[in-house]
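Visitor: To be precise about what I am sending: the file is called entry_35.cif and holds mmCIF, C-alpha atoms.
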```
data_my_file
#
loop_
_atom_site.group_PDB
_atom_site.id
_atom_site.type_symbol
_atom_site.label_atom_id
_atom_site.label_comp_id
_atom_site.auth_asym_id
_atom_site.auth_seq_id
_atom_site.Cartn_x
_atom_site.Cartn_y
_atom_site.Cartn_z
ATOM 1 C CA MET A 28 -53.637 -24.802 24.413
ATOM 2 C CA GLN A 29 -54.108 -25.648 28.085
ATOM 3 C CA LEU A 30 -54.358 -29.213 29.293
ATOM 4 C CA ILE A 31 -57.195 -29.833 31.771
ATOM 5 C CA ASP A 32 -55.616 -31.950 34.491
ATOM 6 C CA GLY A 33 -58.379 -34.102 35.976
ATOM 7 C CA LYS A 34 -55.948 -36.072 38.116
ATOM 8 C CA ALA A 35 -54.621 -32.986 39.935
ATOM 9 C CA THR A 36 -58.108 -31.451 40.248
ATOM 10 C CA ALA A 37 -59.525 -34.675 41.716
ATOM 11 C CA ALA A 38 -56.624 -34.916 44.191
ATOM 12 C CA ALA A 39 -57.257 -31.323 45.349
ATOM 13 C CA ILE A 40 -61.002 -31.965 45.792
ATOM 14 C CA LYS A 41 -60.373 -35.162 47.774
ATOM 15 C CA LEU A 42 -58.142 -33.169 50.144
ATOM 16 C CA GLU A 43 -60.934 -30.601 50.564
ATOM 17 C CA ILE A 44 -63.431 -33.403 51.295
ATOM 18 C CA ALA A 45 -61.035 -35.001 53.818
ATOM 19 C CA GLU A 46 -60.740 -31.672 55.670
ATOM 20 C CA GLU A 47 -64.517 -31.317 55.812
ATOM 21 C CA VAL A 48 -64.908 -34.905 57.091
ATOM 22 C CA LYS A 49 -62.363 -34.157 59.856
ATOM 23 C CA GLU A 50 -64.394 -31.104 60.894
ATOM 24 C CA ILE A 51 -67.675 -33.083 60.849
ATOM 25 C CA MET A 52 -66.203 -35.818 63.038
ATOM 26 C CA ALA A 53 -64.527 -33.306 65.375
ATOM 27 C CA ARG A 54 -68.000 -31.867 66.018
ATOM 28 C CA GLY A 55 -69.245 -35.361 66.898
ATOM 29 C CA GLY A 56 -70.809 -35.982 63.502
ATOM 30 C CA LYS A 57 -70.988 -39.286 61.634
ATOM 31 C CA GLN A 58 -68.246 -40.595 59.345
ATOM 32 C CA PRO A 59 -69.666 -40.850 55.782
ATOM 33 C CA HIS A 60 -70.054 -44.476 54.663
ATOM 34 C CA LEU A 61 -70.066 -45.631 51.023
ATOM 35 C CA ALA A 62 -70.853 -49.239 50.121
ATOM 36 C CA ALA A 63 -70.227 -50.860 46.727
ATOM 37 C CA VAL A 64 -71.774 -54.060 45.391
ATOM 38 C CA LEU A 65 -69.625 -55.909 42.827
ATOM 39 C CA VAL A 66 -70.978 -58.838 40.807
ATOM 40 C CA GLY A 67 -68.573 -61.150 38.979
ATOM 41 C CA HIS A 68 -64.962 -60.432 38.031
ATOM 42 C CA ASP A 69 -65.067 -57.961 35.131
ATOM 43 C CA GLY A 70 -61.582 -56.415 34.852
ATOM 44 C CA GLY A 71 -62.777 -52.832 34.326
ATOM 45 C CA SER A 72 -65.275 -53.036 37.184
ATOM 46 C CA GLU A 73 -62.645 -54.564 39.518
ATOM 47 C CA THR A 74 -60.264 -51.670 38.819
ATOM 48 C CA TYR A 75 -62.998 -49.072 39.180
ATOM 49 C CA VAL A 76 -64.217 -50.436 42.513
ATOM 50 C CA LYS A 77 -60.632 -50.731 43.825
ATOM 51 C CA ASN A 78 -60.101 -47.061 42.964
ATOM 52 C CA LYS A 79 -63.337 -46.151 44.777
ATOM 53 C CA VAL A 80 -62.109 -47.904 47.930
ATOM 54 C CA LEU A 81 -58.791 -45.983 47.714
ATOM 55 C CA ALA A 82 -60.679 -42.712 47.173
ATOM 56 C CA CYS A 83 -62.796 -43.411 50.276
ATOM 57 C CA GLU A 84 -59.590 -43.828 52.303
ATOM 58 C CA ALA A 85 -58.217 -40.538 50.923
ATOM 59 C CA CYS A 86 -61.462 -38.726 51.836
ATOM 60 C CA GLY A 87 -61.698 -40.207 55.341
ATOM 61 C CA PHE A 88 -64.843 -42.199 54.518
ATOM 62 C CA LYS A 89 -65.788 -45.633 55.756
ATOM 63 C CA SER A 90 -66.180 -48.048 52.825
ATOM 64 C CA SER A 91 -67.679 -51.521 52.406
ATOM 65 C CA LEU A 92 -67.356 -53.886 49.461
ATOM 66 C CA ILE A 93 -69.968 -56.602 48.972
ATOM 67 C CA ARG A 94 -69.037 -59.251 46.410
ATOM 68 C CA TYR A 95 -71.166 -61.755 44.527
ATOM 69 C CA GLU A 96 -70.258 -64.317 41.892
ATOM 70 C CA ALA A 97 -71.636 -63.801 38.363
ATOM 71 C CA ASP A 98 -74.312 -66.466 38.914
ATOM 72 C CA VAL A 99 -76.041 -64.503 41.711
ATOM 73 C CA THR A 100 -79.801 -64.404 41.233
ATOM 74 C CA GLU A 101 -81.733 -61.190 40.703
ATOM 75 C CA GLU A 102 -83.696 -61.865 43.891
ATOM 76 C CA GLU A 103 -80.485 -62.252 45.961
ATOM 77 C CA LEU A 104 -79.208 -58.953 44.593
ATOM 78 C CA LEU A 105 -82.524 -57.215 45.321
ATOM 79 C CA GLU A 106 -82.348 -58.543 48.883
ATOM 80 C CA CYS A 107 -78.840 -57.058 49.254
ATOM 81 C CA VAL A 108 -80.091 -53.689 47.941
ATOM 82 C CA GLN A 109 -82.938 -53.744 50.463
ATOM 83 C CA GLN A 110 -80.531 -54.444 53.333
ATOM 84 C CA LEU A 111 -78.344 -51.487 52.286
ATOM 85 C CA ASN A 112 -81.448 -49.278 51.961
ATOM 86 C CA GLU A 113 -82.372 -50.115 55.551
ATOM 87 C CA ASP A 114 -78.864 -49.914 57.062
ATOM 88 C CA PRO A 115 -78.713 -46.583 58.954
ATOM 89 C CA ASP A 116 -74.904 -46.576 58.891
ATOM 90 C CA VAL A 117 -74.711 -46.661 55.054
ATOM 91 C CA ASP A 118 -75.114 -43.139 53.657
ATOM 92 C CA GLY A 119 -74.794 -44.057 50.000
ATOM 93 C CA PHE A 120 -74.142 -47.119 47.880
ATOM 94 C CA ILE A 121 -73.604 -48.180 44.298
ATOM 95 C CA VAL A 122 -74.246 -51.399 42.429
ATOM 96 C CA GLN A 123 -71.389 -51.565 39.919
ATOM 97 C CA LEU A 124 -72.569 -51.812 36.302
ATOM 98 C CA PRO A 125 -72.662 -53.663 33.951
ATOM 99 C CA LEU A 126 -74.448 -56.607 35.574
ATOM 100 C CA PRO A 127 -74.667 -60.131 34.107
ATOM 101 C CA LYS A 128 -77.208 -60.565 31.304
ATOM 102 C CA HIS A 129 -79.695 -62.543 33.424
ATOM 103 C CA ILE A 130 -80.202 -59.565 35.779
ATOM 104 C CA ASP A 131 -82.489 -56.647 34.897
ATOM 105 C CA GLU A 132 -80.260 -53.618 35.570
ATOM 106 C CA GLN A 133 -83.150 -51.157 35.581
ATOM 107 C CA ARG A 134 -85.008 -53.194 38.191
ATOM 108 C CA ILE A 135 -81.921 -53.099 40.448
ATOM 109 C CA ILE A 136 -81.443 -49.334 39.932
ATOM 110 C CA GLU A 137 -85.082 -48.623 40.761
ATOM 111 C CA ALA A 138 -84.858 -50.745 43.935
ATOM 112 C CA ILE A 139 -82.135 -48.457 45.357
ATOM 113 C CA ASP A 140 -83.408 -45.837 47.823
ATOM 114 C CA TYR A 141 -83.020 -42.607 45.809
ATOM 115 C CA ARG A 142 -81.739 -40.889 48.981
ATOM 116 C CA LYS A 143 -78.744 -43.263 48.928
ATOM 117 C CA ASP A 144 -78.344 -43.359 45.127
ATOM 118 C CA VAL A 145 -74.959 -41.627 44.943
ATOM 119 C CA ASP A 146 -74.522 -42.812 41.319
ATOM 120 C CA GLY A 147 -77.493 -40.581 40.414
ATOM 121 C CA PHE A 148 -79.138 -43.250 38.211
ATOM 122 C CA HIS A 149 -82.508 -43.630 40.000
ATOM 123 C CA PRO A 150 -85.416 -42.143 37.979
ATOM 124 C CA ILE A 151 -86.220 -39.770 40.868
ATOM 125 C CA ASN A 152 -82.697 -38.298 40.791
ATOM 126 C CA VAL A 153 -82.708 -38.195 36.972
ATOM 127 C CA GLY A 154 -86.094 -36.429 36.989
ATOM 128 C CA ARG A 155 -85.085 -33.941 39.674
ATOM 129 C CA MET A 156 -81.887 -33.154 37.747
ATOM 130 C CA ALA A 157 -83.899 -32.592 34.547
ATOM 131 C CA ILE A 158 -86.013 -29.853 36.169
ATOM 132 C CA GLY A 159 -83.170 -28.317 38.163
ATOM 133 C CA LEU A 160 -84.020 -29.561 41.665
ATOM 134 C CA PRO A 161 -81.308 -30.521 44.193
ATOM 135 C CA CYS A 162 -80.294 -34.166 43.720
ATOM 136 C CA PHE A 163 -77.399 -36.559 43.184
ATOM 137 C CA ILE A 164 -76.022 -35.820 39.707
ATOM 138 C CA SER A 165 -74.430 -38.815 37.996
ATOM 139 C CA ALA A 166 -70.693 -38.853 38.509
ATOM 140 C CA THR A 167 -69.240 -38.289 35.023
ATOM 141 C CA PRO A 168 -71.424 -35.267 34.112
ATOM 142 C CA LEU A 169 -70.797 -33.793 37.581
ATOM 143 C CA GLY A 170 -67.050 -34.305 37.069
ATOM 144 C CA ILE A 171 -67.157 -32.495 33.720
ATOM 145 C CA LEU A 172 -69.092 -29.560 35.213
ATOM 146 C CA THR A 173 -66.542 -29.364 38.039
ATOM 147 C CA LEU A 174 -63.606 -29.256 35.577
ATOM 148 C CA LEU A 175 -65.259 -26.498 33.512
ATOM 149 C CA ARG A 176 -65.797 -24.432 36.679
ATOM 150 C CA ARG A 177 -62.361 -25.023 38.192
ATOM 151 C CA TYR A 178 -60.653 -23.976 34.952
ATOM 152 C CA GLY A 179 -62.838 -20.869 34.624
ATOM 153 C CA ILE A 180 -64.186 -21.956 31.228
ATOM 154 C CA GLN A 181 -67.070 -19.776 30.100
ATOM 155 C CA THR A 182 -70.149 -21.811 29.140
ATOM 156 C CA SER A 183 -72.991 -19.247 29.318
ATOM 157 C CA GLY A 184 -74.313 -18.492 25.831
ATOM 158 C CA LYS A 185 -71.769 -20.788 24.176
ATOM 159 C CA LYS A 186 -72.622 -23.431 21.594
ATOM 160 C CA CYS A 187 -72.044 -26.867 23.093
ATOM 161 C CA VAL A 188 -72.117 -30.063 21.025
ATOM 162 C CA ILE A 189 -72.444 -33.366 22.863
ATOM 163 C CA LEU A 190 -71.482 -36.501 20.958
ATOM 164 C CA GLY A 191 -73.443 -39.457 22.327
ATOM 165 C CA ARG A 192 -76.864 -39.886 23.960
ATOM 166 C CA SER A 193 -76.278 -42.480 26.684
ATOM 167 C CA ASN A 194 -78.225 -42.350 29.949
ATOM 168 C CA ILE A 195 -74.938 -42.176 31.880
ATOM 169 C CA VAL A 196 -73.241 -39.266 30.056
ATOM 170 C CA GLY A 197 -74.862 -37.839 26.925
ATOM 171 C CA LYS A 198 -78.436 -37.208 28.112
ATOM 172 C CA PRO A 199 -77.631 -35.852 31.606
ATOM 173 C CA MET A 200 -74.778 -33.742 30.200
ATOM 174 C CA ALA A 201 -77.160 -32.121 27.705
ATOM 175 C CA GLN A 202 -79.693 -31.394 30.463
ATOM 176 C CA LEU A 203 -77.063 -29.817 32.691
ATOM 177 C CA MET A 204 -75.338 -27.748 29.994
ATOM 178 C CA MET A 205 -78.645 -26.150 28.960
ATOM 179 C CA GLN A 206 -79.762 -25.334 32.524
ATOM 180 C CA LYS A 207 -79.226 -21.770 33.669
ATOM 181 C CA GLN A 208 -77.546 -22.638 36.994
ATOM 182 C CA TYR A 209 -75.040 -25.029 35.397
ATOM 183 C CA GLY A 210 -74.018 -24.544 31.772
ATOM 184 C CA ASP A 211 -76.465 -21.942 30.434
ATOM 185 C CA ALA A 212 -75.310 -22.997 26.958
ATOM 186 C CA THR A 213 -77.016 -23.649 23.618
ATOM 187 C CA VAL A 214 -76.871 -27.432 23.346
ATOM 188 C CA THR A 215 -76.905 -29.790 20.361
ATOM 189 C CA VAL A 216 -76.828 -33.561 20.877
ATOM 190 C CA CYS A 217 -75.317 -35.576 18.020
ATOM 191 C CA HIS A 218 -75.163 -39.352 17.629
ATOM 192 C CA SER A 219 -74.362 -42.048 15.074
ATOM 193 C CA HIS A 220 -77.414 -41.148 12.943
ATOM 194 C CA SER A 221 -76.928 -37.356 12.965
ATOM 195 C CA ALA A 222 -76.947 -36.066 9.360
ATOM 196 C CA ASN A 223 -74.442 -33.189 9.588
ATOM 197 C CA LEU A 224 -72.317 -34.259 12.536
ATOM 198 C CA LYS A 225 -69.068 -32.728 11.268
ATOM 199 C CA GLY A 226 -70.773 -29.393 10.473
ATOM 200 C CA GLU A 227 -72.332 -29.239 13.945
ATOM 201 C CA CYS A 228 -68.952 -29.869 15.598
ATOM 202 C CA GLN A 229 -67.232 -27.215 13.462
ATOM 203 C CA GLN A 230 -69.559 -24.563 14.934
ATOM 204 C CA ALA A 231 -69.115 -25.678 18.552
ATOM 205 C CA ASP A 232 -67.384 -23.607 21.220
ATOM 206 C CA ILE A 233 -67.398 -26.703 23.467
ATOM 207 C CA ILE A 234 -67.354 -30.333 22.305
ATOM 208 C CA ILE A 235 -68.073 -33.101 24.827
ATOM 209 C CA ALA A 236 -67.211 -36.424 23.166
ATOM 210 C CA ALA A 237 -68.881 -39.454 24.744
ATOM 211 C CA ILE A 238 -69.508 -41.640 21.727
ATOM 212 C CA GLY A 239 -67.230 -44.585 22.613
ATOM 213 C CA ARG A 240 -65.336 -44.650 19.299
ATOM 214 C CA PRO A 241 -61.540 -44.172 19.488
ATOM 215 C CA ASN A 242 -60.127 -41.178 17.558
ATOM 216 C CA PHE A 243 -63.600 -40.255 16.269
ATOM 217 C CA VAL A 244 -63.090 -36.485 16.668
ATOM 218 C CA THR A 245 -60.466 -35.278 14.165
ATOM 219 C CA ALA A 246 -58.891 -31.867 13.518
ATOM 220 C CA ASP A 247 -61.243 -31.049 10.625
ATOM 221 C CA MET A 248 -64.206 -31.225 13.066
ATOM 222 C CA VAL A 249 -62.854 -28.668 15.549
ATOM 223 C CA LYS A 250 -62.786 -24.890 15.189
ATOM 224 C CA PRO A 251 -59.737 -22.993 16.523
ATOM 225 C CA GLY A 252 -60.124 -22.023 20.188
ATOM 226 C CA ALA A 253 -62.732 -24.675 21.000
ATOM 227 C CA VAL A 254 -62.848 -26.483 24.356
ATOM 228 C CA VAL A 255 -62.760 -30.279 23.944
ATOM 229 C CA ILE A 256 -63.794 -32.659 26.733
ATOM 230 C CA ASP A 257 -62.991 -36.305 25.932
ATOM 231 C CA VAL A 258 -65.061 -38.829 27.904
ATOM 232 C CA GLY A 259 -64.042 -41.846 25.813
ATOM 233 C CA THR A 260 -62.000 -44.643 27.391
ATOM 234 C CA THR A 261 -61.641 -47.568 24.990
ATOM 235 C CA ARG A 262 -59.032 -50.274 25.526
ATOM 236 C CA VAL A 263 -56.911 -50.438 22.362
ATOM 237 C CA PRO A 264 -54.333 -53.256 21.867
ATOM 238 C CA ASP A 265 -50.769 -52.019 22.428
ATOM 239 C CA ALA A 266 -47.955 -54.573 22.397
ATOM 240 C CA SER A 267 -45.497 -52.038 23.881
ATOM 241 C CA ARG A 268 -47.468 -51.921 27.156
ATOM 242 C CA LYS A 269 -47.126 -54.470 29.941
ATOM 243 C CA SER A 270 -50.916 -54.755 30.123
ATOM 244 C CA GLY A 271 -51.127 -55.363 26.362
ATOM 245 C CA TYR A 272 -53.433 -52.376 25.859
ATOM 246 C CA ARG A 273 -53.698 -48.615 26.299
ATOM 247 C CA LEU A 274 -56.673 -46.357 26.979
ATOM 248 C CA ASN A 275 -57.749 -44.331 23.973
ATOM 249 C CA GLY A 276 -60.154 -41.409 23.962
ATOM 250 C CA ASP A 277 -62.819 -40.440 21.423
ATOM 251 C CA VAL A 278 -60.596 -37.548 20.295
ATOM 252 C CA LYS A 279 -57.525 -37.857 18.046
ATOM 253 C CA PHE A 280 -55.544 -35.962 20.654
ATOM 254 C CA ASP A 281 -52.257 -35.204 18.816
ATOM 255 C CA GLU A 282 -53.952 -33.493 15.886
ATOM 256 C CA VAL A 283 -56.860 -31.865 17.776
ATOM 257 C CA ALA A 284 -54.968 -30.502 20.823
ATOM 258 C CA PRO A 285 -53.053 -27.718 18.975
ATOM 259 C CA LEU A 286 -56.367 -26.195 17.852
ATOM 260 C CA CYS A 287 -57.965 -26.086 21.315
ATOM 261 C CA SER A 288 -58.030 -23.461 24.048
ATOM 262 C CA PHE A 289 -58.565 -26.303 26.568
ATOM 263 C CA ILE A 290 -58.567 -30.093 26.173
ATOM 264 C CA THR A 291 -58.743 -33.120 28.489
ATOM 265 C CA PRO A 292 -56.235 -35.951 28.031
ATOM 266 C CA VAL A 293 -57.058 -39.687 28.181
ATOM 267 C CA PRO A 294 -56.186 -41.021 30.673
ATOM 268 C CA GLY A 295 -55.972 -38.331 33.384
ATOM 269 C CA GLY A 296 -58.823 -36.054 32.306
ATOM 270 C CA VAL A 297 -62.466 -36.899 32.976
ATOM 271 C CA GLY A 298 -61.760 -40.369 34.457
ATOM 272 C CA PRO A 299 -60.342 -39.294 37.859
ATOM 273 C CA MET A 300 -63.171 -36.759 38.212
ATOM 274 C CA THR A 301 -65.820 -39.485 37.976
ATOM 275 C CA ILE A 302 -64.671 -41.177 41.191
ATOM 276 C CA CYS A 303 -64.080 -37.783 42.817
ATOM 277 C CA SER A 304 -67.719 -36.823 42.014
ATOM 278 C CA LEU A 305 -68.940 -40.028 43.623
ATOM 279 C CA MET A 306 -67.084 -38.924 46.767
ATOM 280 C CA LYS A 307 -68.785 -35.498 46.590
ATOM 281 C CA ASN A 308 -72.179 -37.205 46.322
ATOM 282 C CA THR A 309 -71.356 -39.475 49.273
ATOM 283 C CA LEU A 310 -70.400 -36.462 51.403
ATOM 284 C CA SER A 311 -73.705 -34.799 50.441
ATOM 285 C CA ALA A 312 -75.558 -38.011 51.347
ATOM 286 C CA GLY A 313 -73.820 -38.123 54.726
ATOM 287 C CA LYS A 314 -74.754 -34.493 55.406
ATOM 288 C CA LYS A 315 -78.342 -35.144 54.184
ATOM 289 C CA GLU A 316 -77.932 -32.095 51.902
ATOM 290 C CA TYR A 317 -80.608 -33.025 49.397
ATOM 291 C CA TYR A 318 -82.932 -35.435 51.180
ATOM 292 C CA LYS A 319 -83.751 -35.437 54.899
#
```
Kindly present the structure from the file in structure tokens form.

Guide:
Amino acid sequence: MQLIDGKATAAAIKLEIAEEVKEIMARGGKQPHLAAVLVGHDGGSETYVKNKVLACEACGFKSSLIRYEADVTEEELLECVQQLNEDPDVDGFIVQLPLPKHIDEQRIIEAIDYRKDVDGFHPINVGRMAIGLPCFISATPLGILTLLRRYGIQTSGKKCVILGRSNIVGKPMAQLMMQKQYGDATVTVCHSHSANLKGECQQADIIIAAIGRPNFVTADMVKPGAVVIDVGTTRVPDASRKSGYRLNGDVKFDEVAPLCSFITPVPGGVGPMTICSLMKNTLSAGKKEYYK
């Protein structure tokens, strides 16, 4: 069993990005600029955005953080999005999700200029990804693809089972794993209403668990030699920790790991790669790689 170290991989990629940014700026090019819009004071979102700011520093990017209280109106937020769309210095930006209930998230996402949508959530980017055109791929699926490549894991012709059908992970991951230039795999998507979920998993060469249920994947669901990618990050109460909780994946790691050829830990697997992928998208936005 080999542990897939997302933390070390992300650190290596950020160094590579920083070198490229140095070269761009040495040639008189523009420093990439990522902006983040944060609404309210959700603990998870605060941590995530703080880590994005630190990642920007590590990559040599310029970063901006725009804060609003939770009672911001939808119109005020749309106005902010429009200003960022029109700001020539901002290469890419994200509006941190989830947003308060009174704001229509989809309306905000669709207001973002798809050429600056480094989260890859705009319908134009989602559609382009679905038919294999160059675009910003959403950060978690891109991070998973990067880990599979960096660890030399064969995906072509393999049976891949994806647990979960969210717009952020499950659906885009399925699209990418079946496409010839990315996964080239035979893909099955399972969810809470799938009839033979355990049987499907037992046949899988690669399991990507993004179902949001701690310890859902157990040893009796995994065939020997399988590759297991755990996207789950649920806060579970833990009195022994200073924070009062620990992060738990969708996979029962201790019993599943001995069966696997490769497995990602939680934390330290997919998580660090998500922010690293956002940096890759921001670099691409700065270089105008996909959209002129």

Visitor: Using the chain letters and numbering of this document, enumerate as a list in words the residues selected by the PyMOL selection byres ((chain A and resi 278) around 7).

Guide: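 Going through the file, the PyMOL selection byres ((chain A and resi 278) around 7) ends up selecting Pro241, Asn242, Phe243, Val244, Thr245, Asp257, Gly276, Asp277, Lys279 and Phe280 of chain A.
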
Visitor: Which residues match the PyMOL selection byres ((chain A and resi 246) around 6) in the file above, as a ChimeraX atom specification?

Guide: /A:245,247-249,282-283

Visitor: Between atom CA of Tyr318 of chain A and atom CA of Glu46 of chain A, what is the spacing in Å?

Guide: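 Going from atom CA of Glu46 of chain A over to atom CA of Tyr318 of chain A, I get 23.0 Å.
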
Visitor: Considering all atoms listed in the file, give me a table of residues in segment 204-267 of chain A that are at most 12 Å from segment 57-77 of chain A, with the closest atom pair and distance in Å for each, as JSON lines.

Guide:
```
{"residue": "A:Thr260", "atom": "CA", "partner": "A:Gly71", "partner_atom": "CA", "distance": 10.8}
{"residue": "A:Thr261", "atom": "CA", "partner": "A:Gly71", "partner_atom": "CA", "distance": 10.8}
{"residue": "A:Arg262", "atom": "CA", "partner": "A:Gly71", "partner_atom": "CA", "distance": 9.9}
```

Visitor: Can you list what the PyMOL selection byres ((chain A and resi 137-148) around 8) grabs from this structure, as a ChimeraX atom specification?

Guide: /A:105,108-109,112,118-121,133-136,149-153,162-166,195,305,308-309,312,317-318

Visitor: Which residues are near Glu43 of chain A? Cut-off 12 Å, only C-alpha atoms, ignore same chain within fewer than 2 positions. Put them as a list in words.

Guide: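 Using only C-alpha atoms, the neighbours found are Thr36, Ala37, Ala38, Ala39, Ile40, Lys41, Ala45, Glu46, Glu47, Val48, Lys49, Glu50, Ala85, Cys86, Gly87, Cys303, Met306, Lys307 and Leu310 of chain A.
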
Visitor: Grab the atom CA of Gly184 of chain A to atom CA of Met28 of chain A distance for me, in Å with one decimal place.

Guide: 21.7 Å

Visitor: If you count only C-alpha atoms, which residues fall within 9 Å of Tyr209 of chain A, apart from same-chain ones fewer than 3 positions away, as a ChimeraX atom specification?

Guide: /A:172,182-183,203-206,212

Visitor: Once you have the residues from the selection above, write them out as a PDB file, in the frame of the given file, restricted to C-alpha atoms.

Guide:
```pdb
ATOM      1  CA  LEU A 172     -69.092 -29.560  35.213  1.00  0.00           C
ATOM      2  CA  THR A 182     -70.149 -21.811  29.140  1.00  0.00           C
ATOM      3  CA  SER A 183     -72.991 -19.247  29.318  1.00  0.00           C
ATOM      4  CA  LEU A 203     -77.063 -29.817  32.691  1.00  0.00           C
ATOM      5  CA  MET A 204     -75.338 -27.748  29.994  1.00  0.00           C
ATOM      6  CA  MET A 205     -78.645 -26.150  28.960  1.00  0.00           C
ATOM      7  CA  GLN A 206     -79.762 -25.334  32.524  1.00  0.00           C
ATOM      8  CA  ALA A 212     -75.310 -22.997  26.958  1.00  0.00           C
TER       9      ALA A 212
END
```

Visitor: For atom CA of Ala237 of chain A and atom CA of Asp281 of chain A, quote the distance in Å rounded to one decimal.

Guide: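 Between these atoms lies a distance of 18.2 Å.
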
Visitor: Mind giving me the axis-aligned box for segment 189-201 of chain A with 4 Å on every side, centre plus edges in Å to one decimal, as JSON?

Guide:
```
{"center_x": -75.0, "center_y": -37.3, "center_z": 26.4, "size_x": 15.0, "size_y": 18.4, "size_z": 18.9}
```

Visitor: Using only C-alpha atoms, can you tell me which of A:Pro251, A:Lys319, A:Gly313, A:Asn275 comes closest to Gly56 of chain A?

Guide: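 Of A:Pro251, A:Lys319, A:Gly313, A:Asn275, the one nearest Gly56 of chain A, counting only C-alpha atoms, is A:Gly313.
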
Visitor: From the set A:Thr215, A:Ser267, A:Ser193, A:Gln181, which residue has the shortest atom-to-atom contact distance to Ser288 of chain A, counting all atoms listed in the file?

Guide: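 For Ser288 of chain A, the nearest of the given residues is A:Gln181.
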
Visitor: Residues proximal to (-62.3, -36.3, 34.4) were defined as those with any atom within 12 Å of that point in the file's coordinates, counting only C-alpha atoms. Which are they, as a count of residues only?

Guide: 43

Visitor: Using all atoms listed in the file, find the one residue out of A:Thr213, A:Gln208, A:Asp265, A:Lys89 that sits nearest to Leu160 of chain A.

Guide: A:Gln208
